[in-house]
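Colleague: File follows, data.pdb with PDB, C-alpha atoms:
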ATOM      1  CA  MET A   1      -5.376  21.578 -13.232  1.00  0.00           C
ATOM      2  CA  SER A   2      -5.687  17.853 -13.741  1.00  0.00           C
ATOM      3  CA  ASN A   3      -8.123  15.544 -15.414  1.00  0.00           C
ATOM      4  CA  LYS A   4      -9.929  13.337 -12.901  1.00  0.00           C
ATOM      5  CA  PHE A   5     -11.692  10.058 -13.729  1.00  0.00           C
ATOM      6  CA  ASN A   6     -13.654   7.730 -11.443  1.00  0.00           C
ATOM      7  CA  ILE A   7     -13.097   4.235 -12.853  1.00  0.00           C
ATOM      8  CA  SER A   8     -14.579   0.942 -11.656  1.00  0.00           C
ATOM      9  CA  TYR A   9     -12.374  -2.146 -11.773  1.00  0.00           C
ATOM     10  CA  GLY A  10     -15.073  -4.494 -10.412  1.00  0.00           C
ATOM     11  CA  GLU A  11     -18.788  -4.698  -9.700  1.00  0.00           C
ATOM     12  CA  HIS A  12     -18.768  -3.886  -5.975  1.00  0.00           C
ATOM     13  CA  GLN A  13     -19.263  -0.220  -5.040  1.00  0.00           C
ATOM     14  CA  SER A  14     -15.844  -0.192  -3.367  1.00  0.00           C
ATOM     15  CA  GLN A  15     -14.032  -1.622  -6.389  1.00  0.00           C
ATOM     16  CA  PHE A  16     -13.032   1.640  -8.027  1.00  0.00           C
ATOM     17  CA  GLY A  17     -10.211   4.113  -8.246  1.00  0.00           C
ATOM     18  CA  VAL A  18      -9.735   7.780  -9.028  1.00  0.00           C
ATOM     19  CA  LEU A  19      -7.281   8.407 -11.850  1.00  0.00           C
ATOM     20  CA  ARG A  20      -5.836  11.906 -12.011  1.00  0.00           C
ATOM     21  CA  LEU A  21      -3.767  12.991 -14.997  1.00  0.00           C
ATOM     22  CA  PRO A  22      -1.564  16.073 -15.145  1.00  0.00           C
ATOM     23  CA  GLU A  23      -1.619  18.449 -18.078  1.00  0.00           C
ATOM     24  CA  SER A  24       1.154  16.843 -20.093  1.00  0.00           C
ATOM     25  CA  SER A  25       1.705  15.819 -23.682  1.00  0.00           C
ATOM     26  CA  ASP A  26       4.113  13.051 -22.658  1.00  0.00           C
ATOM     27  CA  PRO A  27       3.106   9.708 -21.091  1.00  0.00           C
ATOM     28  CA  CYS A  28       3.206  10.208 -17.321  1.00  0.00           C
ATOM     29  CA  PRO A  29       4.856   8.037 -14.698  1.00  0.00           C
ATOM     30  CA  VAL A  30       2.189   6.447 -12.512  1.00  0.00           C
ATOM     31  CA  ILE A  31       1.838   6.447  -8.741  1.00  0.00           C
ATOM     32  CA  VAL A  32      -0.658   4.005  -7.222  1.00  0.00           C
ATOM     33  CA  LEU A  33      -1.942   5.153  -3.816  1.00  0.00           C
ATOM     34  CA  ILE A  34      -3.320   2.725  -1.214  1.00  0.00           C
ATOM     35  CA  HIS A  35      -4.969   4.267   1.829  1.00  0.00           C
ATOM     36  CA  GLY A  36      -4.829   2.947   5.376  1.00  0.00           C
ATOM     37  CA  GLY A  37      -7.277   2.620   8.257  1.00  0.00           C
ATOM     38  CA  PHE A  38      -6.469  -0.921   9.399  1.00  0.00           C
ATOM     39  CA  TRP A  39      -8.441  -2.324   6.420  1.00  0.00           C
ATOM     40  CA  GLN A  40     -11.734  -1.096   7.960  1.00  0.00           C
ATOM     41  CA  SER A  41     -14.652   0.308   5.986  1.00  0.00           C
ATOM     42  CA  LYS A  42     -15.001   3.410   8.176  1.00  0.00           C
ATOM     43  CA  TYR A  43     -11.819   4.691   6.495  1.00  0.00           C
ATOM     44  CA  ASN A  44     -11.752   5.339   2.779  1.00  0.00           C
ATOM     45  CA  ILE A  45     -10.038   6.668  -0.307  1.00  0.00           C
ATOM     46  CA  GLU A  46     -10.535  10.303   0.739  1.00  0.00           C
ATOM     47  CA  GLU A  47      -7.606   9.931   3.154  1.00  0.00           C
ATOM     48  CA  ASN A  48      -5.253  10.002   0.172  1.00  0.00           C
ATOM     49  CA  THR A  49      -7.034  12.679  -1.878  1.00  0.00           C
ATOM     50  CA  PRO A  50      -4.758  15.559  -0.735  1.00  0.00           C
ATOM     51  CA  ILE A  51      -1.556  13.711  -1.638  1.00  0.00           C
ATOM     52  CA  ALA A  52      -3.077  12.473  -4.915  1.00  0.00           C
ATOM     53  CA  GLU A  53      -3.847  16.059  -5.897  1.00  0.00           C
ATOM     54  CA  ASP A  54      -0.392  17.208  -4.832  1.00  0.00           C
ATOM     55  CA  LEU A  55       1.414  14.479  -6.784  1.00  0.00           C
ATOM     56  CA  THR A  56      -0.677  15.128  -9.887  1.00  0.00           C
ATOM     57  CA  ARG A  57       0.256  18.808  -9.712  1.00  0.00           C
ATOM     58  CA  ARG A  58       3.876  17.649  -9.687  1.00  0.00           C
ATOM     59  CA  GLY A  59       3.423  15.805 -12.990  1.00  0.00           C
ATOM     60  CA  TYR A  60       2.517  12.266 -11.940  1.00  0.00           C
ATOM     61  CA  ALA A  61      -0.529  10.298 -12.968  1.00  0.00           C
ATOM     62  CA  THR A  62      -2.102   9.063  -9.720  1.00  0.00           C
ATOM     63  CA  TRP A  63      -4.366   6.046  -9.298  1.00  0.00           C
ATOM     64  CA  ASN A  64      -5.928   6.396  -5.850  1.00  0.00           C
ATOM     65  CA  ILE A  65      -7.589   3.041  -5.263  1.00  0.00           C
ATOM     66  CA  GLU A  66     -10.468   1.955  -3.091  1.00  0.00           C
ATOM     67  CA  TYR A  67     -10.952  -1.671  -2.106  1.00  0.00           C
ATOM     68  CA  ARG A  68     -13.475  -3.724  -0.169  1.00  0.00           C
ATOM     69  CA  ARG A  69     -12.752  -3.450   3.524  1.00  0.00           C
ATOM     70  CA  LEU A  70     -13.655  -5.060   6.842  1.00  0.00           C
ATOM     71  CA  GLY A  71     -17.323  -4.355   7.487  1.00  0.00           C
ATOM     72  CA  GLU A  72     -18.238  -4.820   3.811  1.00  0.00           C
ATOM     73  CA  GLU A  73     -19.285  -7.962   1.992  1.00  0.00           C
ATOM     74  CA  LEU A  74     -16.208 -10.075   1.287  1.00  0.00           C
ATOM     75  CA  GLU A  75     -16.008 -13.423  -0.486  1.00  0.00           C
ATOM     76  CA  GLY A  76     -13.159 -14.608   1.719  1.00  0.00           C
ATOM     77  CA  TRP A  77     -10.195 -13.476   3.761  1.00  0.00           C
ATOM     78  CA  ASN A  78      -8.215 -12.960   0.556  1.00  0.00           C
ATOM     79  CA  SER A  79     -10.754 -10.547  -1.019  1.00  0.00           C
ATOM     80  CA  ILE A  80      -9.030  -7.347   0.128  1.00  0.00           C
ATOM     81  CA  PHE A  81      -5.693  -8.552  -1.234  1.00  0.00           C
ATOM     82  CA  ASN A  82      -7.140  -9.556  -4.590  1.00  0.00           C
ATOM     83  CA  ASP A  83      -8.986  -6.239  -4.897  1.00  0.00           C
ATOM     84  CA  VAL A  84      -5.677  -4.379  -4.720  1.00  0.00           C
ATOM     85  CA  ILE A  85      -4.221  -6.626  -7.422  1.00  0.00           C
ATOM     86  CA  ALA A  86      -7.345  -6.196  -9.570  1.00  0.00           C
ATOM     87  CA  ALA A  87      -7.115  -2.414  -9.230  1.00  0.00           C
ATOM     88  CA  ILE A  88      -3.537  -2.406 -10.504  1.00  0.00           C
ATOM     89  CA  ASN A  89      -4.187  -5.002 -13.205  1.00  0.00           C
ATOM     90  CA  HIS A  90      -6.983  -2.755 -14.498  1.00  0.00           C
ATOM     91  CA  PHE A  91      -4.247  -0.654 -16.095  1.00  0.00           C
ATOM     92  CA  SER A  92      -4.081  -3.372 -18.766  1.00  0.00           C
ATOM     93  CA  ILE A  93      -7.632  -2.462 -19.773  1.00  0.00           C
ATOM     94  CA  ILE A  94      -7.430   1.341 -19.582  1.00  0.00           C
ATOM     95  CA  LYS A  95      -3.834   1.957 -20.694  1.00  0.00           C
ATOM     96  CA  ASP A  96      -4.762   2.857 -24.267  1.00  0.00           C
ATOM     97  CA  SER A  97      -7.424   5.340 -23.170  1.00  0.00           C
ATOM     98  CA  TYR A  98      -5.170   7.426 -20.954  1.00  0.00           C
ATOM     99  CA  HIS A  99      -1.708   8.954 -21.330  1.00  0.00           C
ATOM    100  CA  ILE A 100       0.210   6.873 -18.781  1.00  0.00           C
ATOM    101  CA  ASP A 101       3.622   5.210 -18.752  1.00  0.00           C
ATOM    102  CA  LEU A 102       3.256   1.691 -17.363  1.00  0.00           C
ATOM    103  CA  SER A 103       7.002   1.114 -17.516  1.00  0.00           C
ATOM    104  CA  ASN A 104       7.324   3.470 -14.548  1.00  0.00           C
ATOM    105  CA  VAL A 105       4.849   2.478 -11.813  1.00  0.00           C
ATOM    106  CA  THR A 106       5.430   3.311  -8.140  1.00  0.00           C
ATOM    107  CA  VAL A 107       3.142   2.165  -5.322  1.00  0.00           C
ATOM    108  CA  ILE A 108       2.730   4.281  -2.186  1.00  0.00           C
ATOM    109  CA  GLY A 109       0.802   2.899   0.781  1.00  0.00           C
ATOM    110  CA  HIS A 110       0.087   4.494   4.140  1.00  0.00           C
ATOM    111  CA  SER A 111      -0.359   2.445   7.334  1.00  0.00           C
ATOM    112  CA  ALA A 112      -2.446  -0.622   6.389  1.00  0.00           C
ATOM    113  CA  GLY A 113      -2.000   0.577   2.814  1.00  0.00           C
ATOM    114  CA  GLY A 114       1.740   0.317   3.413  1.00  0.00           C
ATOM    115  CA  HIS A 115       1.180  -3.307   4.363  1.00  0.00           C
ATOM    116  CA  LEU A 116      -0.703  -3.911   1.119  1.00  0.00           C
ATOM    117  CA  ALA A 117       1.928  -2.067  -0.921  1.00  0.00           C
ATOM    118  CA  LEU A 118       4.795  -4.154   0.473  1.00  0.00           C
ATOM    119  CA  TRP A 119       2.729  -7.323   0.139  1.00  0.00           C
ATOM    120  CA  LEU A 120       2.204  -6.470  -3.541  1.00  0.00           C
ATOM    121  CA  ALA A 121       5.967  -6.592  -3.975  1.00  0.00           C
ATOM    122  CA  SER A 122       5.865 -10.265  -3.015  1.00  0.00           C
ATOM    123  CA  ARG A 123       3.455 -10.932  -5.880  1.00  0.00           C
ATOM    124  CA  ILE A 124       5.732  -9.519  -8.575  1.00  0.00           C
ATOM    125  CA  ASN A 125       7.613 -12.803  -8.725  1.00  0.00           C
ATOM    126  CA  ALA A 126       5.184 -14.989 -10.685  1.00  0.00           C
ATOM    127  CA  SER A 127       6.744 -18.168  -9.292  1.00  0.00           C
ATOM    128  CA  LYS A 128       5.041 -17.423  -5.970  1.00  0.00           C
ATOM    129  CA  THR A 129       1.596 -18.351  -7.248  1.00  0.00           C
ATOM    130  CA  ASP A 130      -0.420 -20.246  -4.681  1.00  0.00           C
ATOM    131  CA  GLY A 131      -4.051 -20.375  -5.813  1.00  0.00           C
ATOM    132  CA  VAL A 132      -5.111 -18.004  -3.029  1.00  0.00           C
ATOM    133  CA  PHE A 133      -4.070 -14.706  -4.572  1.00  0.00           C
ATOM    134  CA  ASP A 134      -4.422 -13.498  -8.148  1.00  0.00           C
ATOM    135  CA  GLU A 135      -1.369 -12.829 -10.288  1.00  0.00           C
ATOM    136  CA  ILE A 136      -0.188  -9.286 -10.837  1.00  0.00           C
ATOM    137  CA  ALA A 137       0.136  -8.325 -14.493  1.00  0.00           C
ATOM    138  CA  ILE A 138       1.682  -4.850 -14.223  1.00  0.00           C
ATOM    139  CA  PRO A 139       5.393  -4.367 -13.439  1.00  0.00           C
ATOM    140  CA  ILE A 140       6.105  -2.286 -10.338  1.00  0.00           C
ATOM    141  CA  GLN A 141       9.397  -0.415 -10.118  1.00  0.00           C
ATOM    142  CA  LYS A 142       9.269   0.889  -6.557  1.00  0.00           C
ATOM    143  CA  ILE A 143       7.318   0.630  -3.293  1.00  0.00           C
ATOM    144  CA  LEU A 144       7.062   3.379  -0.675  1.00  0.00           C
ATOM    145  CA  SER A 145       5.702   2.305   2.703  1.00  0.00           C
ATOM    146  CA  LEU A 146       4.580   5.287   4.791  1.00  0.00           C
ATOM    147  CA  ALA A 147       4.194   4.187   8.427  1.00  0.00           C
ATOM    148  CA  GLY A 148       3.423   0.752   7.034  1.00  0.00           C
ATOM    149  CA  VAL A 149       2.271  -2.331   8.917  1.00  0.00           C
ATOM    150  CA  THR A 150       5.250  -4.436   7.873  1.00  0.00           C
ATOM    151  CA  ASP A 151       4.683  -7.322  10.300  1.00  0.00           C
ATOM    152  CA  LEU A 152       1.139  -8.588  10.882  1.00  0.00           C
ATOM    153  CA  LYS A 153       2.029 -10.928  13.739  1.00  0.00           C
ATOM    154  CA  ASN A 154       3.884  -8.186  15.598  1.00  0.00           C
ATOM    155  CA  MET A 155       1.001  -5.751  15.023  1.00  0.00           C
ATOM    156  CA  TRP A 156      -1.439  -8.326  16.391  1.00  0.00           C
ATOM    157  CA  GLU A 157       0.780  -8.775  19.462  1.00  0.00           C
ATOM    158  CA  ILE A 158       0.931  -5.007  20.053  1.00  0.00           C
ATOM    159  CA  HIS A 159      -2.870  -4.799  19.978  1.00  0.00           C
ATOM    160  CA  GLU A 160      -3.136  -7.785  22.313  1.00  0.00           C
ATOM    161  CA  GLN A 161      -0.839  -6.111  24.832  1.00  0.00           C
ATOM    162  CA  LYS A 162      -3.020  -2.995  24.719  1.00  0.00           C
ATOM    163  CA  GLY A 163      -6.213  -5.030  25.126  1.00  0.00           C
ATOM    164  CA  ILE A 164      -7.447  -4.033  21.660  1.00  0.00           C
ATOM    165  CA  ASN A 165      -9.449  -6.343  19.407  1.00  0.00           C
ATOM    166  CA  SER A 166      -6.897  -6.490  16.622  1.00  0.00           C
ATOM    167  CA  PRO A 167      -8.080  -5.666  13.096  1.00  0.00           C
ATOM    168  CA  VAL A 168      -5.240  -7.950  11.967  1.00  0.00           C
ATOM    169  CA  ALA A 169      -7.206 -10.932  13.314  1.00  0.00           C
ATOM    170  CA  ALA A 170     -10.306  -9.612  11.547  1.00  0.00           C
ATOM    171  CA  LEU A 171      -8.348  -9.281   8.306  1.00  0.00           C
ATOM    172  CA  LEU A 172      -6.939 -12.803   8.394  1.00  0.00           C
ATOM    173  CA  GLY A 173      -9.785 -14.578  10.168  1.00  0.00           C
ATOM    174  CA  GLY A 174      -7.956 -15.436  13.367  1.00  0.00           C
ATOM    175  CA  ALA A 175      -4.967 -15.008  15.633  1.00  0.00           C
ATOM    176  CA  PRO A 176      -1.453 -16.117  14.560  1.00  0.00           C
ATOM    177  CA  GLN A 177      -1.763 -19.461  16.348  1.00  0.00           C
ATOM    178  CA  GLU A 178      -5.153 -20.107  14.700  1.00  0.00           C
ATOM    179  CA  VAL A 179      -4.293 -19.342  11.065  1.00  0.00           C
ATOM    180  CA  PRO A 180      -0.465 -19.349  10.949  1.00  0.00           C
ATOM    181  CA  ASN A 181      -0.289 -19.967   7.203  1.00  0.00           C
ATOM    182  CA  ARG A 182      -2.339 -16.864   6.441  1.00  0.00           C
ATOM    183  CA  TYR A 183       0.099 -14.744   8.423  1.00  0.00           C
ATOM    184  CA  LYS A 184       3.017 -16.272   6.512  1.00  0.00           C
ATOM    185  CA  MET A 185       1.316 -15.649   3.158  1.00  0.00           C
ATOM    186  CA  SER A 186       0.313 -12.057   3.807  1.00  0.00           C
ATOM    187  CA  SER A 187       2.817 -10.483   6.213  1.00  0.00           C
ATOM    188  CA  PRO A 188       5.543  -8.643   4.265  1.00  0.00           C
ATOM    189  CA  ILE A 189       8.343  -9.409   6.728  1.00  0.00           C
ATOM    190  CA  GLU A 190       7.668 -13.155   6.261  1.00  0.00           C
ATOM    191  CA  LEU A 191       7.866 -12.909   2.460  1.00  0.00           C
ATOM    192  CA  LEU A 192      11.217 -11.206   1.907  1.00  0.00           C
ATOM    193  CA  PRO A 193      13.177 -10.860  -0.330  1.00  0.00           C
ATOM    194  CA  PHE A 194      11.194  -9.085  -3.060  1.00  0.00           C
ATOM    195  CA  GLU A 195      13.869  -7.904  -5.511  1.00  0.00           C
ATOM    196  CA  VAL A 196      12.096  -4.585  -5.995  1.00  0.00           C
ATOM    197  CA  GLU A 197      13.210  -1.236  -4.600  1.00  0.00           C
ATOM    198  CA  GLN A 198      11.558  -0.409  -1.274  1.00  0.00           C
ATOM    199  CA  VAL A 199      11.577   2.803   0.755  1.00  0.00           C
ATOM    200  CA  LEU A 200      10.259   2.808   4.324  1.00  0.00           C
ATOM    201  CA  ILE A 201       9.353   6.192   5.827  1.00  0.00           C
ATOM    202  CA  HIS A 202       8.146   6.306   9.417  1.00  0.00           C
ATOM    203  CA  GLY A 203       7.632   8.976  12.058  1.00  0.00           C
ATOM    204  CA  GLU A 204       9.369   8.518  15.402  1.00  0.00           C
ATOM    205  CA  LEU A 205       6.239   9.715  17.239  1.00  0.00           C
ATOM    206  CA  ASP A 206       3.836   7.264  15.565  1.00  0.00           C
ATOM    207  CA  ARG A 207       1.416   5.872  18.180  1.00  0.00           C
ATOM    208  CA  HIS A 208      -0.728   3.876  15.751  1.00  0.00           C
ATOM    209  CA  VAL A 209       2.005   1.851  14.030  1.00  0.00           C
ATOM    210  CA  PRO A 210       5.231   1.886  16.066  1.00  0.00           C
ATOM    211  CA  VAL A 211       8.378   2.859  14.164  1.00  0.00           C
ATOM    212  CA  ASP A 212      10.045  -0.369  15.309  1.00  0.00           C
ATOM    213  CA  LEU A 213       7.967  -2.285  12.753  1.00  0.00           C
ATOM    214  CA  SER A 214       9.756  -0.469   9.940  1.00  0.00           C
ATOM    215  CA  LYS A 215      13.153  -0.702  11.676  1.00  0.00           C
ATOM    216  CA  ASN A 216      12.844  -4.473  12.149  1.00  0.00           C
ATOM    217  CA  TYR A 217      11.630  -4.969   8.580  1.00  0.00           C
ATOM    218  CA  PHE A 218      14.525  -2.888   7.253  1.00  0.00           C
ATOM    219  CA  GLN A 219      17.062  -5.073   9.056  1.00  0.00           C
ATOM    220  CA  ARG A 220      15.447  -8.271   7.778  1.00  0.00           C
ATOM    221  CA  ALA A 221      15.324  -6.941   4.215  1.00  0.00           C
ATOM    222  CA  LEU A 222      19.001  -5.975   4.371  1.00  0.00           C
ATOM    223  CA  GLU A 223      19.903  -9.444   5.644  1.00  0.00           C
ATOM    224  CA  LYS A 224      18.001 -10.933   2.696  1.00  0.00           C
ATOM    225  CA  GLY A 225      19.887  -8.722   0.245  1.00  0.00           C
ATOM    226  CA  ASP A 226      16.948  -6.554  -0.806  1.00  0.00           C
ATOM    227  CA  LYS A 227      17.317  -2.999  -2.088  1.00  0.00           C
ATOM    228  CA  VAL A 228      15.719  -1.124   0.802  1.00  0.00           C
ATOM    229  CA  LYS A 229      16.008   2.285   2.418  1.00  0.00           C
ATOM    230  CA  LEU A 230      14.711   3.432   5.816  1.00  0.00           C
ATOM    231  CA  VAL A 231      14.004   7.061   6.691  1.00  0.00           C
ATOM    232  CA  VAL A 232      12.931   7.751  10.281  1.00  0.00           C
ATOM    233  CA  LEU A 233      11.448  11.212  10.805  1.00  0.00           C
ATOM    234  CA  PRO A 234      11.841  12.741  14.272  1.00  0.00           C
ATOM    235  CA  ASP A 235       8.868  14.702  15.694  1.00  0.00           C
ATOM    236  CA  ILE A 236       6.482  13.206  13.106  1.00  0.00           C
ATOM    237  CA  GLU A 237       3.341  11.249  13.994  1.00  0.00           C
ATOM    238  CA  HIS A 238       1.166   8.870  11.991  1.00  0.00           C
ATOM    239  CA  PHE A 239      -0.844  11.252   9.825  1.00  0.00           C
ATOM    240  CA  LYS A 240       1.695  14.048   9.239  1.00  0.00           C
ATOM    241  CA  ILE A 241       3.449  11.753   6.814  1.00  0.00           C
ATOM    242  CA  ILE A 242       0.527  12.135   4.354  1.00  0.00           C
ATOM    243  CA  ASP A 243      -0.086  15.839   4.984  1.00  0.00           C
ATOM    244  CA  PRO A 244       1.018  17.795   1.884  1.00  0.00           C
ATOM    245  CA  SER A 245       1.582  20.913   4.033  1.00  0.00           C
ATOM    246  CA  SER A 246       4.094  19.115   6.290  1.00  0.00           C
ATOM    247  CA  SER A 247       7.876  18.911   6.021  1.00  0.00           C
ATOM    248  CA  ALA A 248       7.467  15.106   6.191  1.00  0.00           C
ATOM    249  CA  TRP A 249       5.606  15.096   2.883  1.00  0.00           C
ATOM    250  CA  ASP A 250       8.403  17.044   1.192  1.00  0.00           C
ATOM    251  CA  ILE A 251      10.766  14.236   2.223  1.00  0.00           C
ATOM    252  CA  VAL A 252       8.372  11.619   0.804  1.00  0.00           C
ATOM    253  CA  VAL A 253       8.234  13.450  -2.518  1.00  0.00           C
ATOM    254  CA  ASP A 254      12.030  13.670  -2.667  1.00  0.00           C
ATOM    255  CA  LEU A 255      12.258   9.903  -2.174  1.00  0.00           C
ATOM    256  CA  ILE A 256       9.871   9.093  -5.032  1.00  0.00           C
TER     257      ILE A 256
END
Turn the structure described in the file into structure tokens.

Modeller:
Amino acid sequence: MSNKFNISYGEHQSQFGVLRLPESSDPCPVIVLIHGGFWQSKYNIEENTPIAEDLTRRGYATWNIEYRRLGEELEGWNSIFNDVIAAINHFSIIKDSYHIDLSNVTVIGHSAGGHLALWLASRINASKTDGVFDEIAIPIQKILSLAGVTDLKNMWEIHEQKGINSPVAALLGGAPQEVPNRYKMSSPIELLPFEVEQVLIHGELDRHVPVDLSKNYFQRALEKGDKVKLVVLPDIEHFKIIDPSSSAWDIVVDLI
């Protein structure tokens, strides 16, 4: 059994997270979970509920965060990004009320959540302040990207080739040639190196986010001298990677 708390970190109905604490007398390492769904409001925090419950049973405190998404009221193109930072910074406010170890924080993101998780790594270095994004106040030890969107420009191009209205353009307010600076500021592959441990896990059969995005990112990160690991899972598609009953999930847990 775990203790479960719904906690708001802002005033909007989507600015909240679910904190689950294991039955433990010791301060627990924390895993922040960021769900995917191409940043769209029709997908929500429930996607990560099964893995949050599983990880909490394994002794981790889990902070499964919701954030404002496309289709909801946003102040600007940077709102989604700043919500994720605000959700993590909220630990500063609640740390004394809950038994959590903020010296040991891991972030796991799936799909578009993998994009946001890797992007967070770029914010750890406080010298990269730019006035567009808020500063992150909580140290992060490790990032796991599960089928993550590592390259926004490449993802936009893939959608274009398929004749799909790309949610990447909706996220950033335009195509790469229209708002090039936004792509540079928010696409993980453009922001390397991060100097934080990164693990990329991707299924070979992924039809939503092609595995090549993680392979290309891995090569770039290596060239930049980052501490990065890539695990490609044969016979695994996009959603199996966050299915606690799958062999893929066992591999994810081992890599935490």

Colleague: Can you measure CA of Leu191 (chain A) to CA of Glu72 (chain A) for me? One decimal in Å is fine.

Modeller: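 It comes out at 27.4 Å.
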
Colleague: I want to know what sits within 12 Å of Tyr60 (chain A), based on all atoms listed in the file, with residues of the same chain fewer than 2 positions away left out; could you give that as an mmCIF file with C-alpha atoms, in the frame of the given file?

Modeller:
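That gives us part.cif:
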data_model
loop_
_atom_site.group_PDB
_atom_site.id
_atom_site.type_symbol
_atom_site.label_atom_id
_atom_site.label_comp_id
_atom_site.auth_asym_id
_atom_site.auth_seq_id
_atom_site.Cartn_x
_atom_site.Cartn_y
_atom_site.Cartn_z
ATOM 1 C CA SER A 2 -5.687 17.853 -13.741
ATOM 2 C CA ASN A 3 -8.123 15.544 -15.414
ATOM 3 C CA LEU A 19 -7.281 8.407 -11.850
ATOM 4 C CA ARG A 20 -5.836 11.906 -12.011
ATOM 5 C CA LEU A 21 -3.767 12.991 -14.997
ATOM 6 C CA PRO A 22 -1.564 16.073 -15.145
ATOM 7 C CA GLU A 23 -1.619 18.449 -18.078
ATOM 8 C CA SER A 24 1.154 16.843 -20.093
ATOM 9 C CA ASP A 26 4.113 13.051 -22.658
ATOM 10 C CA PRO A 27 3.106 9.708 -21.091
ATOM 11 C CA CYS A 28 3.206 10.208 -17.321
ATOM 12 C CA PRO A 29 4.856 8.037 -14.698
ATOM 13 C CA VAL A 30 2.189 6.447 -12.512
ATOM 14 C CA ILE A 31 1.838 6.447 -8.741
ATOM 15 C CA VAL A 32 -0.658 4.005 -7.222
ATOM 16 C CA LEU A 33 -1.942 5.153 -3.816
ATOM 17 C CA ILE A 51 -1.556 13.711 -1.638
ATOM 18 C CA ALA A 52 -3.077 12.473 -4.915
ATOM 19 C CA GLU A 53 -3.847 16.059 -5.897
ATOM 20 C CA ASP A 54 -0.392 17.208 -4.832
ATOM 21 C CA LEU A 55 1.414 14.479 -6.784
ATOM 22 C CA THR A 56 -0.677 15.128 -9.887
ATOM 23 C CA ARG A 57 0.256 18.808 -9.712
ATOM 24 C CA ARG A 58 3.876 17.649 -9.687
ATOM 25 C CA THR A 62 -2.102 9.063 -9.720
ATOM 26 C CA TRP A 63 -4.366 6.046 -9.298
ATOM 27 C CA ASN A 64 -5.928 6.396 -5.850
ATOM 28 C CA HIS A 99 -1.708 8.954 -21.330
ATOM 29 C CA ILE A 100 0.210 6.873 -18.781
ATOM 30 C CA ASP A 101 3.622 5.210 -18.752
ATOM 31 C CA LEU A 102 3.256 1.691 -17.363
ATOM 32 C CA ASN A 104 7.324 3.470 -14.548
ATOM 33 C CA VAL A 105 4.849 2.478 -11.813
ATOM 34 C CA THR A 106 5.430 3.311 -8.140
ATOM 35 C CA VAL A 253 8.234 13.450 -2.518
ATOM 36 C CA ILE A 256 9.871 9.093 -5.032
#

Colleague: Using all atoms listed in the file, determine which residues lie at most 8 Å from Ile108 (chain A), disregarding the query and same-chain residues fewer than 6 positions distant; provide the list as number ranges by chain.

Modeller: A: 31-34, 114, 117, 143-146

Colleague: List as a PyMOL selection string the residues having at least one atom at most 12 Å from position (-0.6, -16.7, 5.6) as given in the file, counting all atoms listed in the file.

Modeller: chain A and resi 77-78+81+119+130+132-133+151-153+168-169+171-191

Colleague: Expanded to explicit residues, what is the PyMOL selection byres ((chain A and resi 237) around 9) for this file, as a PDB file with C-alpha atoms, in the coordinates of the input?

Modeller:
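In the end it all went to out-v2.pdb:
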ATOM      1  CA  HIS A 202       8.146   6.306   9.417  1.00  0.00           C
ATOM      2  CA  GLY A 203       7.632   8.976  12.058  1.00  0.00           C
ATOM      3  CA  GLU A 204       9.369   8.518  15.402  1.00  0.00           C
ATOM      4  CA  LEU A 205       6.239   9.715  17.239  1.00  0.00           C
ATOM      5  CA  ASP A 206       3.836   7.264  15.565  1.00  0.00           C
ATOM      6  CA  ARG A 207       1.416   5.872  18.180  1.00  0.00           C
ATOM      7  CA  HIS A 208      -0.728   3.876  15.751  1.00  0.00           C
ATOM      8  CA  LEU A 233      11.448  11.212  10.805  1.00  0.00           C
ATOM      9  CA  PRO A 234      11.841  12.741  14.272  1.00  0.00           C
ATOM     10  CA  ASP A 235       8.868  14.702  15.694  1.00  0.00           C
ATOM     11  CA  ILE A 236       6.482  13.206  13.106  1.00  0.00           C
ATOM     12  CA  HIS A 238       1.166   8.870  11.991  1.00  0.00           C
ATOM     13  CA  PHE A 239      -0.844  11.252   9.825  1.00  0.00           C
ATOM     14  CA  LYS A 240       1.695  14.048   9.239  1.00  0.00           C
ATOM     15  CA  ILE A 241       3.449  11.753   6.814  1.00  0.00           C
TER      16      ILE A 241
END

Colleague: Hey, what's within 12 Å of Asp226 (chain A) if we count all atoms listed in the file and toss same-chain stuff fewer than 5 positions away? As a VMD selection string, please?

Modeller: chain A and resid 121 to 122 189 191 to 199 217 to 221

Colleague: I'd like the interatomic distance between CA of Ile65 (chain A) and CA of Phe16 (chain A), to a tenth of an Å.

Modeller: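 Taking CA of Ile65 (chain A) and CA of Phe16 (chain A), their separation equals 6.3 Å.
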
Colleague: Taking all atoms of region 81-85 of chain A that the file lists, what box with edges along x, y and z, padded by 8 Å per side, do you get, with centre and edge lengths in Å to one decimal, as lines of an AutoDock Vina configuration file?

Modeller:
center_x = -6.6
center_y = -7.0
center_z = -4.3
size_x = 20.8
size_y = 21.2
size_z = 22.2

Colleague: My list of candidates is A:Trp156, A:Tyr98, A:Tyr9, A:Tyr43. Which is closest to Val209 (chain A) when distances are computed with all atoms listed in the file?

Modeller: A:Trp156

Colleague: Just the number, please: distance in Å from CA of Ile80 (chain A) to CA of Gln15 (chain A), one decimal.

Modeller: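 Rounded to one decimal, the two atoms are 10.0 Å apart.
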
Colleague: Written as a PyMOL selection string, which residues does the PyMOL selection byres ((chain A and resi 111) around 8) give for the file shown?

Modeller: chain A and resi 35-38+109-110+112-115+145-149+209

Colleague: Of the candidates A:Ile7, A:Leu230, A:Met155, A:Val107, which shows the shortest atom-to-atom distance to Pro139 (chain A), using only C-alpha atoms?

Modeller: A:Val107

Colleague: For Ile136 (chain A), work out the shell of residues within 9 Å, counting all atoms listed in the file and skipping chain neighbours fewer than 6 positions away, then give it as a list in words.

Modeller: Ile85, Ala86, Ile88, Asn89, Leu120, Arg123, Ile124, Asn125 and Ala126 of chain A

Colleague: Given the choices A:Leu213, A:Ala137, A:Leu116, A:Ile201, which gets closest to Ile251 (chain A) if the distance is worked out from all atoms listed in the file?

Modeller: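 Ranked by minimum distance to Ile251 (chain A), first place goes to A:Ile201.
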